[in-house]
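Asker: This is entry-v1.json, which holds JSON, C-alpha atoms:
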[["chain", "number", "residue", "atom", "x", "y", "z"],
["I", 975, "MET", "CA", 66.22, 130.28, 89.93],
["I", 976, "TYR", "CA", 69.88, 130.51, 89.00],
["I", 977, "ASN", "CA", 69.02, 132.24, 85.72],
["I", 978, "ASP", "CA", 67.63, 135.24, 87.59],
["I", 979, "ILE", "CA", 70.59, 135.95, 89.91],
["I", 980, "LYS", "CA", 72.09, 139.41, 89.50],
["I", 981, "LEU", "CA", 75.88, 139.01, 89.44],
["I", 982, "GLU", "CA", 77.94, 141.97, 90.65],
["I", 983, "LYS", "CA", 81.35, 142.68, 92.16],
["I", 984, "GLY", "CA", 79.86, 143.31, 95.59],
["I", 985, "LEU", "CA", 79.23, 139.59, 96.08],
["I", 986, "TYR", "CA", 82.98, 139.22, 96.71],
["I", 987, "ASN", "CA", 83.05, 141.81, 99.47],
["I", 988, "LEU", "CA", 80.38, 140.58, 101.88],
["I", 989, "SER", "CA", 81.86, 140.33, 105.37],
["I", 990, "GLY", "CA", 82.54, 136.78, 106.47],
["I", 991, "LYS", "CA", 81.25, 135.20, 103.26],
["I", 992, "SER", "CA", 82.94, 133.71, 100.25],
["I", 993, "PHE", "CA", 81.61, 134.40, 96.78],
["I", 994, "THR", "CA", 80.07, 130.92, 96.60],
["I", 995, "ALA", "CA", 78.47, 131.33, 100.04],
["I", 996, "ALA", "CA", 76.91, 134.60, 98.87],
["I", 997, "LEU", "CA", 75.60, 132.88, 95.75],
["I", 998, "GLU", "CA", 74.22, 129.99, 97.80],
["I", 999, "GLU", "CA", 72.14, 132.42, 99.86],
["I", 1000, "LEU", "CA", 70.63, 133.82, 96.68],
["I", 1001, "ASP", "CA", 70.25, 130.42, 95.01],
["I", 1002, "PRO", "CA", 70.22, 127.60, 97.62],
["I", 1003, "SER", "CA", 71.33, 124.19, 96.39],
["I", 1004, "SER", "CA", 68.62, 122.58, 98.50],
["I", 1005, "GLY", "CA", 66.08, 123.86, 95.99],
["I", 1006, "TYR", "CA", 67.49, 121.57, 93.30],
["I", 1007, "ALA", "CA", 67.10, 118.25, 95.10],
["I", 1008, "GLY", "CA", 65.80, 115.61, 92.73],
["I", 1009, "THR", "CA", 66.63, 117.66, 89.63],
["I", 1010, "PRO", "CA", 69.45, 117.26, 87.07],
["I", 1011, "LEU", "CA", 71.22, 120.19, 88.78],
["I", 1012, "GLU", "CA", 71.32, 118.75, 92.31],
["I", 1013, "LYS", "CA", 75.04, 117.87, 92.08],
["I", 1014, "LEU", "CA", 76.06, 121.42, 91.14],
["I", 1015, "ASP", "CA", 76.79, 124.18, 93.63],
["I", 1016, "ALA", "CA", 75.67, 127.78, 93.10],
["I", 1017, "PHE", "CA", 78.84, 128.76, 91.23],
["I", 1018, "GLU", "CA", 78.66, 125.75, 88.91],
["I", 1019, "ARG", "CA", 75.04, 126.59, 88.12],
["I", 1020, "GLN", "CA", 76.19, 130.05, 87.02],
["I", 1021, "LEU", "CA", 78.75, 128.46, 84.71],
["I", 1022, "LYS", "CA", 75.90, 126.46, 83.22],
["I", 1023, "ARG", "CA", 73.78, 129.60, 82.93],
["I", 1024, "PHE", "CA", 76.41, 131.31, 80.77],
["I", 1025, "ASN", "CA", 77.38, 128.06, 79.02],
["I", 1026, "ILE", "CA", 81.00, 128.28, 80.19],
["I", 1027, "ARG", "CA", 82.70, 124.89, 79.88],
["I", 1028, "VAL", "CA", 85.86, 124.65, 81.96],
["I", 1029, "SER", "CA", 86.86, 121.10, 80.98],
["I", 1030, "GLY", "CA", 86.24, 118.40, 78.40],
["I", 1031, "SER", "CA", 86.70, 118.19, 74.66],
["I", 1032, "GLU", "CA", 84.57, 121.30, 74.08],
["I", 1033, "CYS", "CA", 86.29, 123.35, 76.78],
["I", 1034, "ASP", "CA", 85.98, 127.12, 76.30],
["I", 1035, "ARG", "CA", 88.72, 129.71, 76.26],
["I", 1036, "VAL", "CA", 89.39, 132.37, 78.89],
["I", 1037, "GLU", "CA", 87.64, 135.07, 76.87],
["I", 1038, "LYS", "CA", 84.30, 133.25, 77.29],
["I", 1039, "PHE", "CA", 84.11, 134.59, 80.86],
["I", 1040, "PHE", "CA", 84.14, 138.12, 79.44],
["I", 1041, "SER", "CA", 81.23, 137.69, 77.05],
["I", 1042, "SER", "CA", 79.16, 139.92, 79.35],
["I", 1043, "THR", "CA", 79.66, 142.09, 82.41],
["I", 1044, "GLU", "CA", 77.84, 139.54, 84.58],
["I", 1045, "SER", "CA", 79.75, 136.47, 83.41],
["I", 1046, "ALA", "CA", 83.02, 138.37, 83.99],
["I", 1047, "VAL", "CA", 82.12, 138.42, 87.71],
["I", 1048, "LEU", "CA", 82.58, 134.64, 87.74],
["I", 1049, "PHE", "CA", 86.23, 134.74, 86.62],
["I", 1050, "PRO", "CA", 87.88, 135.49, 90.01],
["I", 1051, "GLU", "CA", 86.07, 132.53, 91.57],
["I", 1052, "PHE", "CA", 87.29, 130.28, 88.75],
["I", 1053, "VAL", "CA", 90.87, 131.43, 89.35],
["I", 1054, "THR", "CA", 90.56, 131.02, 93.13],
["I", 1055, "ARG", "CA", 89.08, 127.52, 92.83],
["I", 1056, "CYS", "CA", 91.89, 126.37, 90.56],
["I", 1057, "ILE", "CA", 94.60, 127.68, 92.89],
["I", 1058, "ARG", "CA", 92.78, 126.31, 95.94],
["I", 1059, "LYS", "CA", 92.51, 122.89, 94.32],
["I", 1060, "GLY", "CA", 96.27, 122.80, 93.83],
["I", 1061, "PHE", "CA", 96.77, 124.03, 97.40],
["I", 1062, "ASP", "CA", 94.46, 121.36, 98.81],
["I", 1063, "GLU", "CA", 96.03, 118.53, 96.80],
["I", 1064, "THR", "CA", 99.23, 118.77, 98.84],
["I", 1065, "ILE", "CA", 100.07, 116.94, 102.07],
["I", 1066, "LEU", "CA", 98.43, 119.50, 104.36],
["I", 1067, "SER", "CA", 95.21, 117.51, 104.51],
["I", 1068, "SER", "CA", 97.22, 114.41, 105.43],
["I", 1069, "VAL", "CA", 99.15, 115.91, 108.35],
["I", 1070, "CYS", "CA", 96.75, 118.34, 110.04],
["I", 1071, "ALA", "CA", 94.34, 117.18, 112.73],
["I", 1072, "ALA", "CA", 92.29, 120.38, 112.78],
["I", 1073, "LYS", "CA", 91.87, 123.68, 110.95],
["I", 1074, "THR", "CA", 91.12, 126.87, 112.88],
["I", 1075, "ILE", "CA", 89.99, 130.22, 111.50],
["I", 1076, "SER", "CA", 91.54, 133.04, 113.52],
["I", 1077, "GLY", "CA", 90.20, 136.58, 113.56],
["I", 1078, "SER", "CA", 93.65, 138.14, 113.92],
["I", 1079, "GLY", "CA", 97.29, 137.67, 112.99],
["I", 1080, "GLN", "CA", 98.05, 136.03, 116.34],
["I", 1081, "TYR", "CA", 96.41, 132.97, 117.83],
["I", 1082, "LEU", "CA", 96.31, 131.77, 121.43],
["I", 1083, "GLY", "CA", 95.35, 128.14, 121.58],
["I", 1084, "CYS", "CA", 94.98, 125.83, 124.56],
["I", 1085, "THR", "CA", 97.53, 123.52, 126.09],
["I", 1086, "LEU", "CA", 96.78, 120.25, 127.85],
["I", 1087, "ASP", "CA", 98.76, 119.15, 130.91],
["I", 1088, "ASP", "CA", 97.95, 115.47, 131.18],
["I", 1089, "SER", "CA", 101.18, 114.09, 132.63],
["I", 1090, "ALA", "CA", 99.68, 112.22, 135.62],
["I", 1091, "GLN", "CA", 99.58, 108.46, 135.20],
["I", 1092, "TYR", "CA", 96.31, 106.81, 134.23],
["I", 1093, "THR", "CA", 95.96, 104.26, 137.02],
["I", 1094, "THR", "CA", 93.26, 102.98, 139.31],
["I", 1095, "SER", "CA", 92.17, 105.29, 142.14],
["I", 1096, "ASP", "CA", 91.13, 104.36, 145.64],
["I", 1097, "GLU", "CA", 87.55, 104.95, 146.67],
["I", 1098, "ALA", "CA", 86.96, 108.58, 147.73],
["I", 1099, "ALA", "CA", 90.45, 109.52, 146.57],
["I", 1100, "THR", "CA", 90.99, 112.55, 144.36],
["I", 1101, "LEU", "CA", 91.28, 111.58, 140.71],
["I", 1102, "PRO", "CA", 94.41, 112.57, 138.77],
["I", 1103, "THR", "CA", 93.89, 115.87, 136.96],
["I", 1104, "ALA", "CA", 94.20, 116.79, 133.31],
["I", 1105, "THR", "CA", 94.41, 120.58, 133.02],
["I", 1106, "VAL", "CA", 93.54, 122.67, 129.99],
["I", 1107, "ARG", "CA", 94.93, 126.19, 129.96],
["I", 1108, "GLU", "CA", 95.28, 129.01, 127.49],
["I", 1109, "SER", "CA", 98.70, 128.88, 125.89],
["I", 1110, "SER", "CA", 101.22, 131.40, 127.18],
["I", 1111, "THR", "CA", 102.74, 131.78, 123.71],
["I", 1112, "ALA", "CA", 100.83, 133.03, 120.71],
["I", 1113, "THR", "CA", 101.20, 131.53, 117.27],
["I", 1114, "VAL", "CA", 102.07, 134.36, 114.90],
["I", 1115, "LEU", "CA", 100.56, 133.88, 111.48],
["I", 1116, "ALA", "CA", 102.68, 134.58, 108.41],
["I", 1117, "LYS", "CA", 101.64, 135.66, 104.94],
["I", 1118, "TYR", "CA", 102.49, 133.48, 101.95],
["I", 1119, "GLY", "CA", 101.76, 134.72, 98.47],
["I", 1120, "ARG", "CA", 102.57, 135.05, 94.82],
["I", 1121, "LEU", "CA", 102.38, 137.84, 92.27],
["I", 1122, "ILE", "CA", 100.82, 136.63, 89.01],
["I", 1123, "SER", "CA", 101.53, 138.64, 85.90],
["I", 1124, "ALA", "CA", 99.60, 137.63, 82.78],
["I", 1125, "SER", "CA", 98.07, 140.16, 80.42],
["I", 1126, "TYR", "CA", 94.56, 139.51, 79.20],
["I", 1127, "GLU", "CA", 95.80, 139.45, 75.62],
["I", 1128, "ALA", "CA", 98.27, 136.70, 76.52],
["I", 1129, "ILE", "CA", 95.66, 134.39, 78.02],
["I", 1130, "ARG", "CA", 92.36, 135.27, 76.33],
["I", 1131, "GLN", "CA", 92.72, 132.46, 73.76],
["I", 1132, "GLN", "CA", 94.02, 129.93, 76.29],
["I", 1133, "ARG", "CA", 91.78, 126.93, 76.94],
["I", 1134, "LEU", "CA", 90.31, 127.08, 80.41],
["I", 1135, "ASP", "CA", 91.42, 123.56, 81.34],
["I", 1136, "VAL", "CA", 95.04, 124.32, 80.41],
["I", 1137, "PHE", "CA", 94.96, 127.69, 82.18],
["I", 1138, "GLY", "CA", 93.41, 125.93, 85.18],
["I", 1139, "VAL", "CA", 96.34, 123.48, 85.34],
["I", 1140, "MET", "CA", 98.76, 126.42, 85.40],
["I", 1141, "LEU", "CA", 96.83, 127.96, 88.28],
["I", 1142, "ARG", "CA", 96.73, 124.65, 90.14],
["I", 1143, "SER", "CA", 100.53, 124.44, 89.88],
["I", 1144, "ILE", "CA", 100.76, 127.85, 91.58],
["I", 1145, "GLY", "CA", 98.57, 126.49, 94.37],
["I", 1146, "VAL", "CA", 100.80, 123.44, 94.78],
["I", 1147, "LYS", "CA", 103.95, 125.56, 95.05],
["I", 1148, "LEU", "CA", 102.28, 128.03, 97.39],
["I", 1149, "ALA", "CA", 101.27, 125.17, 99.67],
["I", 1150, "GLY", "CA", 104.83, 123.83, 99.52],
["I", 1151, "SER", "CA", 106.15, 126.95, 101.24],
["I", 1152, "VAL", "CA", 103.41, 126.63, 103.86],
["I", 1153, "VAL", "CA", 104.26, 122.96, 104.45],
["I", 1154, "SER", "CA", 107.86, 123.93, 105.26],
["I", 1155, "GLU", "CA", 106.60, 125.83, 108.29],
["I", 1156, "ALA", "CA", 104.48, 122.83, 109.33],
["I", 1157, "MET", "CA", 107.57, 120.59, 109.29],
["I", 1158, "THR", "CA", 109.51, 123.09, 111.41],
["I", 1159, "VAL", "CA", 106.73, 123.20, 114.01],
["I", 1160, "LEU", "CA", 106.53, 119.39, 114.14],
["I", 1161, "VAL", "CA", 110.24, 118.81, 114.84],
["I", 1162, "THR", "CA", 110.73, 121.73, 117.23],
["I", 1163, "GLY", "CA", 111.09, 120.59, 120.83],
["I", 1164, "VAL", "CA", 111.17, 116.87, 120.00],
["I", 1165, "THR", "CA", 114.09, 114.80, 121.30],
["I", 1166, "PRO", "CA", 114.86, 112.51, 118.37],
["I", 1167, "VAL", "CA", 115.81, 108.89, 118.20],
["I", 1168, "THR", "CA", 119.20, 108.78, 116.44],
["I", 1169, "THR", "CA", 120.86, 106.36, 114.08],
["I", 1170, "SER", "CA", 124.04, 106.46, 112.01],
["I", 1171, "SER", "CA", 122.38, 105.01, 108.89],
["I", 1172, "LEU", "CA", 118.78, 104.35, 108.00],
["I", 1173, "THR", "CA", 117.54, 100.74, 108.31],
["I", 1174, "TYR", "CA", 114.14, 99.13, 108.57],
["I", 1175, "ALA", "CA", 114.89, 98.40, 112.22],
["I", 1176, "ASP", "CA", 115.19, 102.16, 112.79],
["I", 1177, "LEU", "CA", 111.74, 102.72, 111.28],
["I", 1178, "ALA", "CA", 110.37, 99.98, 113.51],
["I", 1179, "ALA", "CA", 112.05, 101.64, 116.51],
["I", 1180, "LEU", "CA", 110.37, 104.94, 115.59],
["I", 1181, "TYR", "CA", 107.04, 103.10, 115.43],
["I", 1182, "GLY", "CA", 107.76, 101.68, 118.89],
["I", 1183, "GLU", "CA", 108.26, 105.19, 120.31],
["I", 1184, "PHE", "CA", 104.51, 105.77, 120.17],
["I", 1185, "ASP", "CA", 102.66, 104.76, 123.32],
["I", 1186, "CYS", "CA", 99.02, 105.86, 123.56],
["I", 1187, "PHE", "CA", 99.03, 107.21, 120.02],
["I", 1188, "ASP", "CA", 99.61, 105.47, 116.71],
["I", 1189, "MET", "CA", 102.13, 106.34, 114.00],
["I", 1190, "THR", "CA", 99.63, 106.87, 111.19],
["I", 1191, "THR", "CA", 102.02, 108.88, 109.01],
["I", 1192, "VAL", "CA", 105.73, 108.92, 108.20],
["I", 1193, "ILE", "CA", 107.07, 112.10, 106.57],
["I", 1194, "ALA", "CA", 110.44, 112.08, 104.80],
["I", 1195, "SER", "CA", 112.47, 114.01, 102.24],
["I", 1196, "PRO", "CA", 112.55, 112.60, 98.69],
["I", 1197, "GLU", "CA", 116.03, 111.11, 99.32],
["I", 1198, "LEU", "CA", 115.06, 109.38, 102.55],
["I", 1199, "ALA", "CA", 111.72, 108.28, 101.12],
["I", 1200, "SER", "CA", 113.53, 106.62, 98.21],
["I", 1201, "GLN", "CA", 115.76, 104.77, 100.69],
["I", 1202, "ILE", "CA", 112.69, 103.57, 102.56],
["I", 1203, "VAL", "CA", 110.85, 102.23, 99.52],
["I", 1204, "ALA", "CA", 114.05, 100.48, 98.39],
["I", 1205, "MET", "CA", 114.24, 98.42, 101.60],
["I", 1206, "ASP", "CA", 113.78, 94.67, 101.19],
["I", 1207, "GLN", "CA", 111.00, 94.71, 103.76],
["I", 1208, "LEU", "CA", 108.92, 96.93, 101.46],
["I", 1209, "LYS", "CA", 109.33, 94.94, 98.24],
["I", 1210, "ASP", "CA", 105.86, 93.44, 98.63],
["I", 1211, "CYS", "CA", 104.21, 96.75, 99.57],
["I", 1212, "ASN", "CA", 102.04, 98.28, 96.86],
["I", 1213, "ALA", "CA", 100.35, 101.65, 96.67],
["I", 1214, "ASP", "CA", 96.68, 101.61, 97.65],
["I", 1215, "ASN", "CA", 93.82, 102.75, 95.42],
["I", 1216, "GLY", "CA", 94.66, 106.36, 96.21],
["I", 1217, "GLY", "CA", 98.31, 105.94, 95.24],
["I", 1218, "LYS", "CA", 99.47, 106.06, 98.87],
["I", 1219, "ILE", "CA", 102.33, 103.84, 100.03],
["I", 1220, "ARG", "CA", 101.68, 101.97, 103.27],
["I", 1221, "LEU", "CA", 104.55, 100.68, 105.37],
["I", 1222, "PRO", "CA", 104.24, 97.13, 106.75],
["I", 1223, "PHE", "CA", 103.09, 98.46, 110.14],
["I", 1224, "GLY", "CA", 100.31, 100.51, 108.53],
["I", 1225, "SER", "CA", 101.79, 104.01, 108.38],
["I", 1226, "GLU", "CA", 101.33, 106.11, 105.25],
["I", 1227, "LEU", "CA", 104.62, 107.26, 103.74],
["I", 1228, "ILE", "CA", 104.57, 110.91, 102.64],
["I", 1229, "LYS", "CA", 107.38, 112.35, 100.52],
["I", 1230, "THR", "CA", 107.99, 116.09, 100.61],
["I", 1231, "SER", "CA", 110.96, 118.34, 99.92],
["I", 1232, "ALA", "CA", 109.78, 120.43, 102.89],
["I", 1233, "ALA", "CA", 110.88, 117.70, 105.31],
["I", 1234, "PRO", "CA", 114.34, 118.02, 106.92],
["I", 1235, "GLU", "CA", 117.02, 116.22, 104.90],
["I", 1236, "ASN", "CA", 118.31, 114.19, 107.84],
["I", 1237, "LYS", "CA", 115.11, 113.56, 109.78],
["I", 1238, "ILE", "CA", 112.11, 111.29, 109.45],
["I", 1239, "ILE", "CA", 108.97, 112.53, 111.21],
["I", 1240, "GLY", "CA", 106.39, 110.13, 112.57],
["I", 1241, "ILE", "CA", 103.00, 111.52, 113.62],
["I", 1242, "ASP", "CA", 99.53, 110.51, 114.62],
["I", 1243, "ARG", "CA", 97.73, 112.77, 112.15],
["I", 1244, "ASN", "CA", 94.58, 112.69, 114.28],
["I", 1245, "PHE", "CA", 96.27, 114.48, 117.20],
["I", 1246, "ALA", "CA", 99.50, 116.18, 116.15],
["I", 1247, "LEU", "CA", 99.05, 119.46, 114.29],
["I", 1248, "GLU", "CA", 96.67, 122.41, 114.08],
["I", 1249, "PHE", "CA", 96.46, 124.51, 110.90],
["I", 1250, "ILE", "CA", 95.53, 128.11, 111.70],
["I", 1251, "THR", "CA", 94.52, 130.67, 109.08],
["I", 1252, "SER", "CA", 93.04, 134.13, 109.25],
["I", 1253, "SER", "CA", 91.62, 133.94, 105.74],
["I", 1254, "ASP", "CA", 90.96, 131.80, 102.73],
["I", 1255, "LEU", "CA", 93.04, 132.44, 99.63],
["I", 1256, "VAL", "CA", 92.85, 136.18, 98.91],
["I", 1257, "MET", "CA", 92.63, 137.43, 95.33],
["I", 1258, "GLU", "CA", 92.34, 140.92, 93.86],
["I", 1259, "THR", "CA", 88.90, 140.31, 92.43],
["I", 1260, "ASP", "CA", 88.24, 143.75, 90.95],
["I", 1261, "LYS", "CA", 91.34, 143.58, 88.76],
["I", 1262, "LEU", "CA", 90.40, 140.13, 87.49],
["I", 1263, "ILE", "CA", 86.87, 141.24, 86.61],
["I", 1264, "ASP", "CA", 88.22, 144.32, 84.83],
["I", 1265, "ARG", "CA", 90.83, 142.28, 82.92],
["I", 1266, "GLN", "CA", 93.73, 144.10, 84.61],
["I", 1267, "LEU", "CA", 95.80, 140.95, 85.03],
["I", 1268, "ASP", "CA", 99.32, 142.41, 84.97],
["I", 1269, "GLN", "CA", 99.74, 142.63, 88.75],
["I", 1270, "ILE", "CA", 97.49, 140.10, 90.50],
["I", 1271, "THR", "CA", 98.39, 138.74, 93.93],
["I", 1272, "VAL", "CA", 97.18, 135.58, 95.63],
["I", 1273, "SER", "CA", 97.99, 135.06, 99.30],
["I", 1274, "ILE", "CA", 97.09, 133.20, 102.45],
["I", 1275, "THR", "CA", 97.92, 134.10, 106.06],
["I", 1276, "CYS", "CA", 98.44, 131.05, 108.24],
["I", 1277, "GLY", "CA", 100.50, 129.21, 110.82],
["I", 1278, "PHE", "CA", 100.75, 125.94, 112.73],
["I", 1279, "ARG", "CA", 100.65, 124.76, 116.32],
["I", 1280, "LYS", "CA", 101.43, 121.39, 117.81],
["I", 1281, "ILE", "CA", 98.35, 120.14, 119.67],
["I", 1282, "THR", "CA", 99.65, 116.94, 121.29],
["I", 1283, "PRO", "CA", 103.45, 116.71, 121.59],
["I", 1284, "GLU", "CA", 103.26, 112.98, 122.38],
["I", 1285, "ALA", "CA", 101.77, 112.40, 118.92],
["I", 1286, "VAL", "CA", 105.02, 113.46, 117.21],
["I", 1287, "LYS", "CA", 108.28, 111.46, 117.16],
["I", 1288, "VAL", "CA", 111.45, 112.07, 115.13],
["I", 1289, "LEU", "CA", 114.19, 109.80, 113.81],
["I", 1290, "SER", "CA", 117.47, 111.63, 113.12],
["I", 1291, "ILE", "CA", 120.06, 110.12, 110.77],
["I", 1292, "THR", "CA", 123.50, 111.39, 111.77],
["I", 1293, "SER", "CA", 125.42, 110.12, 108.72],
["I", 1294, "GLY", "CA", 125.12, 107.85, 105.71],
["I", 1295, "THR", "CA", 122.33, 109.84, 104.02]]
Please lay out the structure from this file as structure tokens.
Answerer:
Amino acid sequence: MYNDIKLEKGLYNLSGKSFTAALEELDPSSGYAGTPLEKLDAFERQLKRFNIRVSGSECDRVEKFFSSTESAVLFPEFVTRCIRKGFDETILSSVCAAKTISGSGQYLGCTLDDSAQYTTSDEAATLPTATVRESSTATVLAKYGRLISASYEAIRQQRLDVFGVMLRSIGVKLAGSVVSEAMTVLVTGVTPVTTSSLTYADLAALYGEFDCFDMTTVIASPELASQIVAMDQLKDCNADNGGKIRLPFGSELIKTSAAPENKIIGIDRNFALEFITSSDLVMETDKLIDRQLDQITVSITCGFRKITPEAVKVLSITSGT
């Protein structure tokens, strides 16, 4: 049972396993089916074990994690989850078709040569060929990170929900720098459709550029996104239940400062972009457990690769923005 698990620093250092994965092996969630704890994962059961409340009106303060040497082991995972939540709440999940874990700092993906026309073939004739090859160019992964300086004395009385919001904001900003690289990869090598000033007809023309694929997503800078939502053709468009704005032809409009100021990117999110990372978010767990919070780093090593070039189209505004 979760009450009998021995918590120690070594659970963070098991090769190929996250802290939660290590806990799940010791305390499988499958064993709680049909019980009041079935909706909790192994980490959340440990929070319950030590009566640490991370939200709600009776939310605890940071110092509650350090009530014992075992409960202190949970603190790095709390910090990581908060930052990861902020990281995951950004547009990355809305623009990436696949996520790949790479074992090194360079990644060789595959390329697809499928340029032959899809037409009927005569009987006994050789069928047109689609060729998959290893890419000749490696994607080099880059490290993105932040140094967090916060003494234990400064945060020990901070409510965990408020501290968690601060950590989430770090995750959002960290992801923002990563998204900038994604936008660069998307527009590189694409011959854009051009216009002197942005109109609804230009958006429709961008939509018409897609042949086999669909324009599921439109990505624009805050300035261009505001011009789009101000168009008369969008006056009857409302955000859906998730707060997402849908253009009249069905595309989701995504606003990000990482997008080029003079370009609108249209993609089929199911085929366009691959997110490659060599690690999850990396934290200095020992320092967090030992309350040495003055120099804590959080980082992720990642990169992007375009999977299907035909699933990306660009509209370039030459003036009037």
Asker: Rank nothing, just name the residue among I:Lys1287, I:Lys1261, I:Lys991, I:Arg1133 nearest to Asp1188 in chain I, using all atoms listed in the file.
Answerer: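 Distance minimum relative to Asp1188 in chain I lands on I:Lys1287.
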Asker: What lies within 10 Å of Phe1223 in chain I using only C-alpha atoms, ignoring chain neighbours under 4 positions off, as a list in words?
Answerer: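 In the requested form, the answer reads Leu1177, Ala1178, Tyr1181, Met1189 and Thr1190 of chain I.
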Asker: Using all atoms listed in the file, which residue out of I:Ser1067, I:Ser1041, I:Thr1085, I:Gln1132 lies closest to Ser1110 in chain I?
Answerer: I:Thr1085
Asker: Find, counting only C-alpha atoms, the residue in I:Leu1198, I:Ala1090, I:Cys1211, I:Ala1246 that gets nearest to Ser1290 in chain I.
Answerer: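 For Ser1290 in chain I, the nearest of the given residues is I:Leu1198.
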Asker: For a test of reading the model, state the distance in Å between CA of Leu1289 in chain I and CA of Cys1070 in chain I, rounded to one decimal.
Answerer: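 So the two atoms, CA of Leu1289 in chain I and CA of Cys1070 in chain I, lie 19.8 Å apart.
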Asker: In Å, rounded to a single decimal, give me how far CA of Ser1252 in chain I is from CA of Gly1077 in chain I.
Answerer: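 According to the coordinates, CA of Gly1077 in chain I and CA of Ser1252 in chain I are separated by 5.7 Å.
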Asker: Contacts of Ala1072 in chain I at 12 Å or less, counting all atoms listed in the file, minus same-chain residues fewer than 5 places along, as a PDB file with C-alpha atoms, in the coordinates of the input?
Answerer:
ATOM      1  CA  LEU I1066      98.430 119.500 104.360  1.00  0.00           C
ATOM      2  CA  SER I1067      95.210 117.510 104.510  1.00  0.00           C
ATOM      3  CA  ARG I1243      97.730 112.770 112.150  1.00  0.00           C
ATOM      4  CA  ASN I1244      94.580 112.690 114.280  1.00  0.00           C
ATOM      5  CA  PHE I1245      96.270 114.480 117.200  1.00  0.00           C
ATOM      6  CA  ALA I1246      99.500 116.180 116.150  1.00  0.00           C
ATOM      7  CA  LEU I1247      99.050 119.460 114.290  1.00  0.00           C
ATOM      8  CA  GLU I1248      96.670 122.410 114.080  1.00  0.00           C
ATOM      9  CA  PHE I1249      96.460 124.510 110.900  1.00  0.00           C
ATOM     10  CA  ILE I1250      95.530 128.110 111.700  1.00  0.00           C
ATOM     11  CA  THR I1251      94.520 130.670 109.080  1.00  0.00           C
ATOM     12  CA  PHE I1278     100.750 125.940 112.730  1.00  0.00           C
ATOM     13  CA  ARG I1279     100.650 124.760 116.320  1.00  0.00           C
ATOM     14  CA  LYS I1280     101.430 121.390 117.810  1.00  0.00           C
ATOM     15  CA  ILE I1281      98.350 120.140 119.670  1.00  0.00           C
ATOM     16  CA  THR I1282      99.650 116.940 121.290  1.00  0.00           C
TER      17      THR I1282
END
Asker: Just give me the residues with any atom within 7 Å of (78.6, 127.7, 92.2), file coordinates, counting all atoms listed in the file, written as a PyMOL selection string.
Answerer: chain I and resi 994+997+1014-1020
Asker: Choose the residue, out of I:Cys1186, I:Ala996, I:Val1047, I:Met1140, that has the smallest atom-to-atom separation from Tyr1092 in chain I; count only C-alpha atoms.
Answerer: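 Of the candidates, the smallest distance to Tyr1092 in chain I is held by I:Cys1186.
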Asker: Using the atoms already present, construct N, CA and C atoms for range 1133-1145 of chain I and hand them back as a short mmCIF file (atom, residue, chain, number, x, y, z; two decimals), keeping the file's coordinate frame.
Answerer:
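part13.cif written:
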data_model
loop_
_atom_site.label_atom_id
_atom_site.label_comp_id
_atom_site.auth_asym_id
_atom_site.auth_seq_id
_atom_site.Cartn_x
_atom_site.Cartn_y
_atom_site.Cartn_z
N ARG I 1133 92.86 127.80 76.47
CA ARG I 1133 91.78 126.93 76.94
C ARG I 1133 91.71 126.97 78.46
N LEU I 1134 90.49 126.95 78.98
CA LEU I 1134 90.31 127.08 80.41
C LEU I 1134 90.89 125.90 81.19
N ASP I 1135 90.86 124.70 80.60
CA ASP I 1135 91.42 123.56 81.34
C ASP I 1135 92.94 123.68 81.44
N VAL I 1136 93.59 124.15 80.38
CA VAL I 1136 95.04 124.32 80.41
C VAL I 1136 95.42 125.45 81.37
N PHE I 1137 94.70 126.57 81.28
CA PHE I 1137 94.96 127.69 82.18
C PHE I 1137 94.72 127.26 83.63
N GLY I 1138 93.70 126.43 83.84
CA GLY I 1138 93.41 125.93 85.18
C GLY I 1138 94.54 125.09 85.74
N VAL I 1139 95.19 124.28 84.89
CA VAL I 1139 96.34 123.48 85.34
C VAL I 1139 97.48 124.39 85.77
N MET I 1140 97.72 125.46 85.01
CA MET I 1140 98.76 126.42 85.40
C MET I 1140 98.47 127.02 86.77
N LEU I 1141 97.21 127.39 87.00
CA LEU I 1141 96.83 127.96 88.28
C LEU I 1141 96.96 126.94 89.41
N ARG I 1142 96.58 125.70 89.14
CA ARG I 1142 96.73 124.65 90.14
C ARG I 1142 98.19 124.48 90.54
N SER I 1143 99.11 124.59 89.57
CA SER I 1143 100.53 124.44 89.88
C SER I 1143 101.00 125.56 90.82
N ILE I 1144 100.45 126.76 90.65
CA ILE I 1144 100.76 127.85 91.58
C ILE I 1144 100.29 127.49 92.98
N GLY I 1145 99.09 126.91 93.07
CA GLY I 1145 98.57 126.49 94.37
C GLY I 1145 99.43 125.44 95.03
#
